[in-house]
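Chemist: What follows is the file start.cif, containing mmCIF, C-alpha atoms and all ligand atoms:
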data_coords
#
loop_
_atom_site.label_atom_id
_atom_site.label_comp_id
_atom_site.auth_asym_id
_atom_site.auth_seq_id
_atom_site.Cartn_x
_atom_site.Cartn_y
_atom_site.Cartn_z
CA MET A 1 9.25 -13.43 1.49
CA ILE A 2 10.47 -10.32 3.37
CA GLU A 3 12.77 -10.48 6.35
CA LEU A 4 13.91 -7.39 8.20
CA LYS A 5 16.94 -8.03 10.39
CA ASN A 6 17.84 -5.32 12.88
CA LEU A 7 16.82 -2.79 10.26
CA LYS A 8 17.75 0.72 11.29
CA LYS A 9 17.75 4.11 9.60
CA VAL A 10 19.35 7.20 11.10
CA PHE A 11 19.03 10.35 8.98
CA THR A 12 20.79 12.97 11.08
CA LYS A 13 21.51 13.42 14.77
CA THR A 14 18.39 15.57 15.10
CA SER A 15 15.92 13.48 13.07
CA ALA A 16 14.94 10.22 14.63
CA GLY A 17 14.56 7.71 11.79
CA LEU A 18 13.50 4.13 12.36
CA GLY A 19 14.33 0.93 14.19
CA PRO A 20 15.89 -1.44 14.88
CA ILE A 21 13.04 -3.51 13.40
CA ASN A 22 12.96 -7.31 13.22
CA LEU A 23 10.14 -8.80 11.20
CA LYS A 24 9.19 -11.60 8.82
CA ILE A 25 6.39 -11.11 6.31
CA LYS A 26 5.04 -14.12 4.43
CA ALA A 27 4.50 -14.09 0.67
CA GLY A 28 0.92 -13.05 -0.07
CA GLU A 29 0.31 -11.58 3.38
CA TRP A 30 -1.43 -8.19 3.76
CA MET A 31 0.18 -6.22 6.55
CA THR A 32 -1.18 -2.87 7.64
CA ILE A 33 1.23 -0.38 9.20
CA LEU A 34 -0.09 2.20 11.66
CA GLY A 35 1.84 4.83 13.59
CA PRO A 36 1.92 8.53 14.36
CA SER A 37 3.52 10.97 11.91
CA GLY A 38 7.27 10.69 12.04
CA SER A 39 7.32 7.11 13.37
CA GLY A 40 9.06 5.88 10.24
CA LYS A 41 6.23 4.27 8.23
CA SER A 42 7.28 5.78 4.90
CA THR A 43 10.92 5.15 5.71
CA LEU A 44 10.11 1.47 6.29
CA LEU A 45 8.46 1.14 2.85
CA ARG A 46 11.30 3.07 1.20
CA LEU A 47 13.92 0.83 2.82
CA ILE A 48 12.07 -2.30 1.70
CA SER A 49 11.77 -0.98 -1.88
CA GLY A 50 15.41 0.09 -2.01
CA LEU A 51 14.54 3.79 -2.49
CA GLU A 52 16.35 4.40 0.78
CA ILE A 53 19.49 2.70 2.11
CA GLN A 54 19.56 1.53 5.72
CA THR A 55 22.14 2.66 8.25
CA GLU A 56 22.34 -0.79 9.85
CA GLY A 57 20.78 -4.21 9.41
CA GLU A 58 19.36 -5.94 6.41
CA VAL A 59 16.31 -6.28 4.16
CA VAL A 60 16.05 -9.78 2.69
CA LEU A 61 13.60 -10.04 -0.22
CA SER A 62 12.79 -13.31 -1.95
CA SER A 63 11.67 -11.58 -5.16
CA PRO A 64 13.63 -9.14 -7.32
CA LYS A 65 13.23 -5.37 -6.95
CA ASN A 66 11.51 -5.06 -10.34
CA GLU A 67 8.55 -7.01 -8.96
CA ILE A 68 7.68 -4.20 -6.55
CA SER A 69 5.00 -1.53 -7.16
CA PHE A 70 4.60 1.58 -5.03
CA VAL A 71 1.41 3.68 -4.66
CA PHE A 72 1.51 7.07 -2.93
CA GLN A 73 -1.17 9.36 -1.49
CA ASP A 74 -0.66 11.71 -4.42
CA ALA A 75 -1.58 9.53 -7.41
CA ALA A 76 1.55 10.92 -9.14
CA LEU A 77 0.22 10.61 -12.69
CA LEU A 78 1.96 12.21 -15.67
CA PRO A 79 -0.35 15.15 -16.52
CA TRP A 80 0.47 15.23 -20.24
CA LYS A 81 -0.34 11.55 -20.76
CA SER A 82 -3.78 9.99 -21.15
CA VAL A 83 -5.17 7.54 -18.60
CA LEU A 84 -4.28 4.66 -20.92
CA ASP A 85 -0.70 5.90 -21.39
CA ASN A 86 -0.30 6.41 -17.65
CA ILE A 87 -1.46 2.86 -16.95
CA THR A 88 0.80 1.29 -19.59
CA LEU A 89 3.84 3.35 -18.54
CA PRO A 90 5.54 0.67 -16.38
CA LEU A 91 5.34 -1.76 -19.31
CA THR A 92 6.51 0.67 -22.00
CA LEU A 93 9.40 1.70 -19.73
CA ARG A 94 10.38 -1.97 -19.70
CA GLY A 95 10.37 -2.05 -23.49
CA VAL A 96 7.01 -3.78 -24.02
CA PRO A 97 5.64 -2.69 -27.46
CA LYS A 98 2.81 -0.14 -27.20
CA LEU A 99 0.05 -2.34 -28.65
CA GLU A 100 0.94 -5.24 -26.40
CA ALA A 101 1.06 -2.93 -23.38
CA GLN A 102 -2.38 -1.57 -24.28
CA SER A 103 -3.89 -5.03 -24.55
CA ARG A 104 -2.34 -6.03 -21.22
CA ALA A 105 -3.85 -2.87 -19.71
CA GLN A 106 -7.37 -3.85 -20.78
CA PRO A 107 -8.24 -6.22 -17.91
CA TRP A 108 -6.96 -3.70 -15.35
CA ILE A 109 -8.96 -0.90 -16.96
CA GLU A 110 -12.05 -3.05 -16.60
CA LYS A 111 -11.27 -4.19 -13.06
CA LEU A 112 -10.68 -0.60 -11.93
CA LYS A 113 -13.84 0.59 -13.79
CA LEU A 114 -11.88 3.03 -15.97
CA SER A 115 -13.23 2.08 -19.42
CA ARG A 116 -14.98 5.43 -19.90
CA PHE A 117 -11.86 7.41 -19.03
CA VAL A 118 -9.03 5.84 -21.04
CA SER A 119 -8.60 8.91 -23.29
CA ALA A 120 -9.01 11.46 -20.50
CA HIS A 121 -6.08 13.30 -18.95
CA PRO A 122 -5.42 13.38 -15.19
CA HIS A 123 -6.69 16.97 -14.70
CA GLN A 124 -10.13 15.82 -15.89
CA LEU A 125 -10.39 13.14 -13.19
CA SER A 126 -11.67 13.22 -9.60
CA GLY A 127 -9.33 12.17 -6.79
CA GLY A 128 -10.93 8.73 -6.61
CA LEU A 129 -10.50 8.16 -10.35
CA LYS A 130 -6.87 9.30 -10.23
CA MET A 131 -6.24 6.76 -7.49
CA ARG A 132 -7.92 4.08 -9.64
CA VAL A 133 -5.47 4.92 -12.44
CA SER A 134 -2.58 4.81 -9.99
CA ILE A 135 -3.67 1.37 -8.74
CA ALA A 136 -4.13 0.05 -12.29
CA ARG A 137 -0.63 1.30 -13.13
CA ALA A 138 0.74 -0.45 -10.04
CA LEU A 139 -0.97 -3.76 -10.81
CA ILE A 140 -0.32 -3.99 -14.57
CA THR A 141 3.11 -5.48 -13.88
CA GLU A 142 1.49 -8.05 -11.56
CA PRO A 143 3.94 -7.22 -8.75
CA LYS A 144 4.88 -9.71 -6.06
CA LEU A 145 5.04 -6.86 -3.56
CA LEU A 146 2.67 -3.90 -3.41
CA LEU A 147 3.67 -0.97 -1.21
CA LEU A 148 0.86 1.48 -0.42
CA ASP A 149 1.76 4.69 1.40
CA GLU A 150 -1.49 6.31 2.56
CA PRO A 151 -3.13 5.72 -0.83
CA PHE A 152 -6.63 6.74 0.26
CA SER A 153 -5.81 9.67 2.55
CA ALA A 154 -6.96 12.35 0.12
CA LEU A 155 -10.30 10.67 -0.64
CA ASP A 156 -13.79 11.05 0.81
CA GLU A 157 -14.78 8.29 3.22
CA PRO A 158 -17.32 6.46 0.98
CA ILE A 159 -14.87 6.39 -1.94
CA ARG A 160 -12.13 5.28 0.41
CA ILE A 161 -14.24 2.37 1.64
CA GLU A 162 -15.25 1.36 -1.88
CA LEU A 163 -11.69 1.46 -3.25
CA GLY A 164 -10.31 -0.34 -0.21
CA LEU A 165 -12.78 -3.19 -0.66
CA GLU A 166 -12.06 -3.38 -4.39
CA LEU A 167 -8.33 -3.47 -3.74
CA ARG A 168 -8.85 -6.30 -1.26
CA GLU A 169 -10.77 -8.24 -3.96
CA LEU A 170 -7.97 -7.66 -6.50
CA TRP A 171 -5.44 -8.78 -3.90
CA LYS A 172 -7.38 -12.01 -3.34
CA ASN A 173 -6.93 -12.94 -7.01
CA LEU A 174 -3.41 -11.66 -7.66
CA ASN A 175 -2.19 -12.28 -4.11
CA PRO A 176 0.85 -10.00 -3.91
CA THR A 177 2.35 -9.27 -0.52
CA VAL A 178 0.78 -5.96 0.53
CA LEU A 179 2.15 -3.40 2.96
CA LEU A 180 -0.48 -0.72 3.57
CA VAL A 181 0.41 2.42 5.51
CA THR A 182 -2.68 4.30 6.66
CA HIS A 183 -3.73 6.83 9.27
CA SER A 184 -7.15 5.22 9.57
CA ILE A 185 -7.14 2.54 12.25
CA THR A 186 -10.51 1.14 11.12
CA GLU A 187 -9.47 1.03 7.46
CA GLY A 188 -6.14 -0.61 8.22
CA ILE A 189 -7.59 -3.34 10.42
CA TRP A 190 -10.60 -3.94 8.19
CA LEU A 191 -8.45 -4.47 5.08
CA GLY A 192 -5.44 -6.29 6.53
CA ASP A 193 -4.53 -9.73 7.86
CA ARG A 194 -1.93 -8.43 10.23
CA VAL A 195 -1.31 -5.07 11.83
CA LEU A 196 2.02 -3.55 12.79
CA VAL A 197 1.99 -0.47 15.02
CA LEU A 198 5.08 1.73 15.07
CA SER A 199 5.63 4.27 17.79
CA GLY A 200 8.27 6.62 19.10
CA GLN A 201 11.20 8.37 17.50
CA PRO A 202 13.02 6.42 16.25
CA GLY A 203 9.97 4.33 15.36
CA LEU A 204 9.86 0.88 16.93
CA SER A 205 7.30 -1.92 16.66
CA VAL A 206 4.91 -1.76 19.63
CA LEU A 207 2.31 -4.22 18.32
CA ASP A 208 2.38 -6.97 15.70
CA GLN A 209 -0.97 -8.72 15.71
CA ARG A 210 -2.88 -11.07 13.41
CA ILE A 211 -6.30 -9.86 12.28
CA GLU A 212 -8.73 -12.77 12.35
CA LEU A 213 -11.49 -11.55 10.05
CA GLY A 214 -11.17 -14.15 7.27
CA LYS A 215 -10.52 -13.59 3.57
CA ASP A 216 -13.74 -11.78 2.66
CA ARG A 217 -14.48 -8.40 4.15
CA SER A 218 -17.81 -6.64 4.54
CA MET A 219 -19.10 -3.51 6.25
CA ALA A 220 -20.85 -5.71 8.82
CA GLN A 221 -17.48 -6.87 10.18
CA ARG A 222 -16.83 -3.35 11.43
CA ALA A 223 -19.36 -4.07 14.17
CA HIS A 224 -17.74 -7.37 15.29
CA PRO A 225 -16.40 -7.37 18.86
CA GLU A 226 -12.99 -8.74 17.70
CA PHE A 227 -12.70 -5.91 15.17
CA LEU A 228 -13.67 -3.25 17.70
CA GLY A 229 -11.34 -4.75 20.31
CA LEU A 230 -8.35 -4.51 18.01
CA VAL A 231 -9.33 -0.98 16.89
CA ASN A 232 -9.38 0.05 20.55
CA GLN A 233 -6.08 -1.63 21.29
CA CYS A 234 -4.41 0.26 18.40
CA TYR A 235 -6.12 3.49 19.42
CA GLU A 236 -4.70 3.21 22.95
CA LEU A 237 -1.21 2.69 21.52
CA LEU A 238 -1.51 5.56 19.04
CA ARG A 239 -3.12 8.25 21.13
CA GLY A 240 0.00 8.76 23.20
CA PRO A 241 0.39 9.54 26.89
P1 LIG B 301 6.06 8.65 8.76
O1 LIG B 301 5.91 8.17 7.35
O2 LIG B 301 5.69 7.62 9.78
O3 LIG B 301 5.35 9.95 9.02
P2 LIG B 301 8.82 9.07 8.00
O4 LIG B 301 9.28 7.72 7.63
O5 LIG B 301 8.48 10.01 6.91
O6 LIG B 301 7.61 8.94 9.04
O7 LIG B 301 9.94 9.75 8.90
C1 LIG B 301 10.48 9.12 10.06
C2 LIG B 301 11.50 10.06 10.71
O8 LIG B 301 12.61 10.23 9.85
C3 LIG B 301 10.96 11.47 11.01
O9 LIG B 301 11.56 11.88 12.19
C4 LIG B 301 11.45 12.27 9.83
O10 LIG B 301 11.63 13.61 10.17
C5 LIG B 301 12.77 11.58 9.50
N1 LIG B 301 13.08 11.68 8.07
C6 LIG B 301 12.42 11.04 7.07
N2 LIG B 301 12.98 11.29 5.87
C7 LIG B 301 14.06 12.08 6.11
C8 LIG B 301 15.07 12.67 5.30
N3 LIG B 301 15.09 12.46 3.98
N4 LIG B 301 16.00 13.43 5.92
C9 LIG B 301 16.00 13.62 7.25
N5 LIG B 301 15.09 13.08 8.07
C10 LIG B 301 14.12 12.33 7.53
MG MG B 302 4.77 8.91 5.74
#
Would you mind writing the file's structure down as structure tokens?
Modeler:
Amino acid sequence: MIELKNLKKVFTKTSAGLGPINLKIKAGEWMTILGPSGSGKSTLLRLISGLEIQTEGEVVLSSPKNEISFVFQDAALLPWKSVLDNITLPLTLRGVPKLEAQSRAQPWIEKLKLSRFVSAHPHQLSGGLKMRVSIARALITEPKLLLLDEPFSALDEPIRIELGLELRELWKNLNPTVLLVTHSITEGIWLGDRVLVLSGQPGLSVLDQRIELGKDRSMAQRAHPEFLGLVNQCYELLRGP
């Protein structure tokens, strides 16, 4: 689905960039990406999405670029548009008639528990609700690839946990390939099927490990020895010398 071949980004002589990275990601896989600030996590997602052009190497994608959705830490909603109009935006931009776009939005509004807020504007919403809108907007196109760059970083822990679990449930049904960048080791390992740890400047892969927690995730798994072992292993790699 995604193959990165000797992928390298150099910005300037003084900024480090990323790579070379060699990696294959299967269609439908959920890969979590951990790494200190500046290790190239955002650059990696931007290279894969085509927002950034690599200096060397190659990104091979099996699905077209218009099947990619990107979610950022800042929900990045249009303040003058209602929740409904924000969610339907990717469809209306593609020329889907308004009424059709609104009916296609309906299941996502329900899944993201936004029914009460469709007429509200972003400034009336809490951070968690804004992120729900952002996720609905990302999923309405039913993307084959979902890129998440620290989507929950601005949220309180309980909301973060709840949204993470809900996103995992939505992923199970829609099954896009997911790349989740997060600063939370526990969140990343709990939600993913594979974890990639980047380190150094330029950022290189220092761990690429399967997460054997099964399809369904629950709070109880956070106490499993395998989970805690992998959390510790990542912590040791991330805490530096
Ligand atoms: P992360 O998301 O892991 O914090 P980034 O991908 O944002 O890291 O950045 C990786 C490295 O590339 C950092 O050293 C950063 O300063 C540099 N960098 C990122 N974007 C640019 C840019 N547009 N111009 C110059 N340097 C950049
Ligand atoms: Mg970043």
Chemist: Neighbouring residues of ligand LIG 301 (chain B) are defined here as those with any atom at most 10 Å from a ligand atom, counting all atoms listed in the file; list them as a VMD selection string.
Modeler: chain A and resid 9 to 19 33 to 47 52 149 to 150 181 to 183 198 to 203
Chemist: For Phe117 (chain A), find every residue with an atom within 9 Å (counting all atoms listed in the file), except residues of its own chain fewer than 2 positions away, and show them as a PyMOL selection string.
Modeler: chain A and resi 82-84+113-115+119-121+125+129
Chemist: Which one of A:Leu145, A:Thr92, A:Asp156, A:Arg116 sits closest to Leu180 (chain A) if you count all atoms listed in the file?
Modeler: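 For Leu180 (chain A), the nearest of the given residues is A:Leu145.
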Chemist: Which residues come within 10 Å of region 61-72 of chain A, counting all atoms listed in the file, excluding same-chain residues fewer than 5 positions away, as a PyMOL selection string?
Modeler: chain A and resi 1-4+25+27+42+45-46+48-50+90+94+131+134-135+137-153+176-181
Chemist: Name all residues at most 6 Å from Val195 (chain A) (count only C-alpha atoms; drop same-chain ones fewer than 4 positions away) and give them as an NGL selection string.
Modeler: :A and (31-33 or 208-209)
Chemist: Which value, in Å to one decimal, gives the distance between CA of Leu89 (chain A) and CA of Val118 (chain A)?
Modeler: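 Interatomic distance here is 13.3 Å.
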Chemist: Report, in Å to a single decimal, how far apart CA of Asn6 (chain A) and CA of Ile189 (chain A) are.
Modeler: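 Between CA of Ile189 (chain A) and CA of Asn6 (chain A) the gap is 25.6 Å.
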Chemist: For C-alpha atoms, please extract region 30-114 of chain A from the block and return it as a short mmCIF file (atom, residue, chain, number, x, y, z; two decimals), in the first residue's frame.
Modeler:
data_model
loop_
_atom_site.label_atom_id
_atom_site.label_comp_id
_atom_site.auth_asym_id
_atom_site.auth_seq_id
_atom_site.Cartn_x
_atom_site.Cartn_y
_atom_site.Cartn_z
CA TRP A 30 -2.59 1.22 11.77
CA MET A 31 0.94 2.44 12.37
CA THR A 32 1.77 4.74 15.25
CA ILE A 33 4.76 7.05 14.89
CA LEU A 34 6.63 8.19 17.99
CA GLY A 35 9.71 10.38 18.23
CA PRO A 36 11.07 13.48 19.93
CA SER A 37 10.26 16.94 18.56
CA GLY A 38 12.23 17.59 15.41
CA SER A 39 12.73 13.91 14.53
CA GLY A 40 10.75 14.33 11.32
CA LYS A 41 7.33 12.86 12.19
CA SER A 42 5.34 15.65 10.54
CA THR A 43 7.76 15.72 7.63
CA LEU A 44 7.17 11.99 7.10
CA LEU A 45 3.38 12.47 6.91
CA ARG A 46 3.78 15.51 4.64
CA LEU A 47 6.07 13.58 2.28
CA ILE A 48 3.62 10.68 2.11
CA SER A 49 0.70 13.05 1.40
CA GLY A 50 2.63 14.98 -1.23
CA LEU A 51 2.46 18.26 0.73
CA GLU A 52 6.24 18.14 0.83
CA ILE A 53 8.65 16.94 -1.86
CA GLN A 54 11.51 14.65 -0.88
CA THR A 55 15.16 15.44 -1.51
CA GLU A 56 15.98 11.82 -2.37
CA GLY A 57 14.20 8.49 -2.60
CA GLU A 58 10.64 7.61 -3.35
CA VAL A 59 7.13 7.32 -1.91
CA VAL A 60 5.12 4.60 -3.67
CA LEU A 61 1.38 4.75 -2.96
CA SER A 62 -1.08 2.20 -4.28
CA SER A 63 -4.04 4.59 -4.02
CA PRO A 64 -4.41 8.05 -5.57
CA LYS A 65 -3.62 11.21 -3.62
CA ASN A 66 -7.29 12.24 -3.48
CA GLU A 67 -7.99 9.25 -1.24
CA ILE A 68 -5.90 10.73 1.57
CA SER A 69 -7.29 12.67 4.57
CA PHE A 70 -5.14 14.64 6.99
CA VAL A 71 -6.07 15.59 10.59
CA PHE A 72 -3.95 18.07 12.55
CA GLN A 73 -3.69 18.96 16.24
CA ASP A 74 -5.47 22.23 15.53
CA ALA A 75 -8.85 21.07 14.20
CA ALA A 76 -8.46 23.71 11.45
CA LEU A 77 -12.18 24.33 10.96
CA LEU A 78 -13.51 27.25 8.92
CA PRO A 79 -14.87 29.62 11.62
CA TRP A 80 -17.57 31.19 9.43
CA LYS A 81 -19.08 27.85 8.45
CA SER A 82 -21.44 25.70 10.50
CA VAL A 83 -20.45 22.26 11.75
CA LEU A 84 -22.47 20.69 8.93
CA ASP A 85 -20.82 22.88 6.27
CA ASN A 86 -17.38 22.14 7.69
CA ILE A 87 -18.02 18.40 7.54
CA THR A 88 -19.38 18.48 3.99
CA LEU A 89 -16.57 20.74 2.72
CA PRO A 90 -14.37 18.00 1.18
CA LEU A 91 -17.38 16.77 -0.83
CA THR A 92 -18.61 20.21 -1.96
CA LEU A 93 -15.05 21.07 -2.99
CA ARG A 94 -15.18 18.00 -5.21
CA GLY A 95 -18.39 19.25 -6.80
CA VAL A 96 -20.86 17.01 -4.94
CA PRO A 97 -24.25 18.85 -4.80
CA LYS A 98 -25.01 20.34 -1.38
CA LEU A 99 -28.04 18.16 -0.56
CA GLU A 100 -26.22 14.98 -1.50
CA ALA A 101 -23.20 16.05 0.56
CA GLN A 102 -25.46 16.72 3.54
CA SER A 103 -27.09 13.31 3.32
CA ARG A 104 -23.68 11.63 3.03
CA ALA A 105 -22.60 13.57 6.14
CA GLN A 106 -25.47 12.18 8.20
CA PRO A 107 -23.93 8.81 9.18
CA TRP A 108 -20.66 10.52 10.16
CA ILE A 109 -22.53 13.10 12.24
CA GLU A 110 -24.19 10.25 14.09
CA LYS A 111 -21.02 8.19 14.47
CA LEU A 112 -19.12 11.18 15.85
CA LYS A 113 -22.08 12.11 18.14
CA LEU A 114 -22.47 15.57 16.59
#
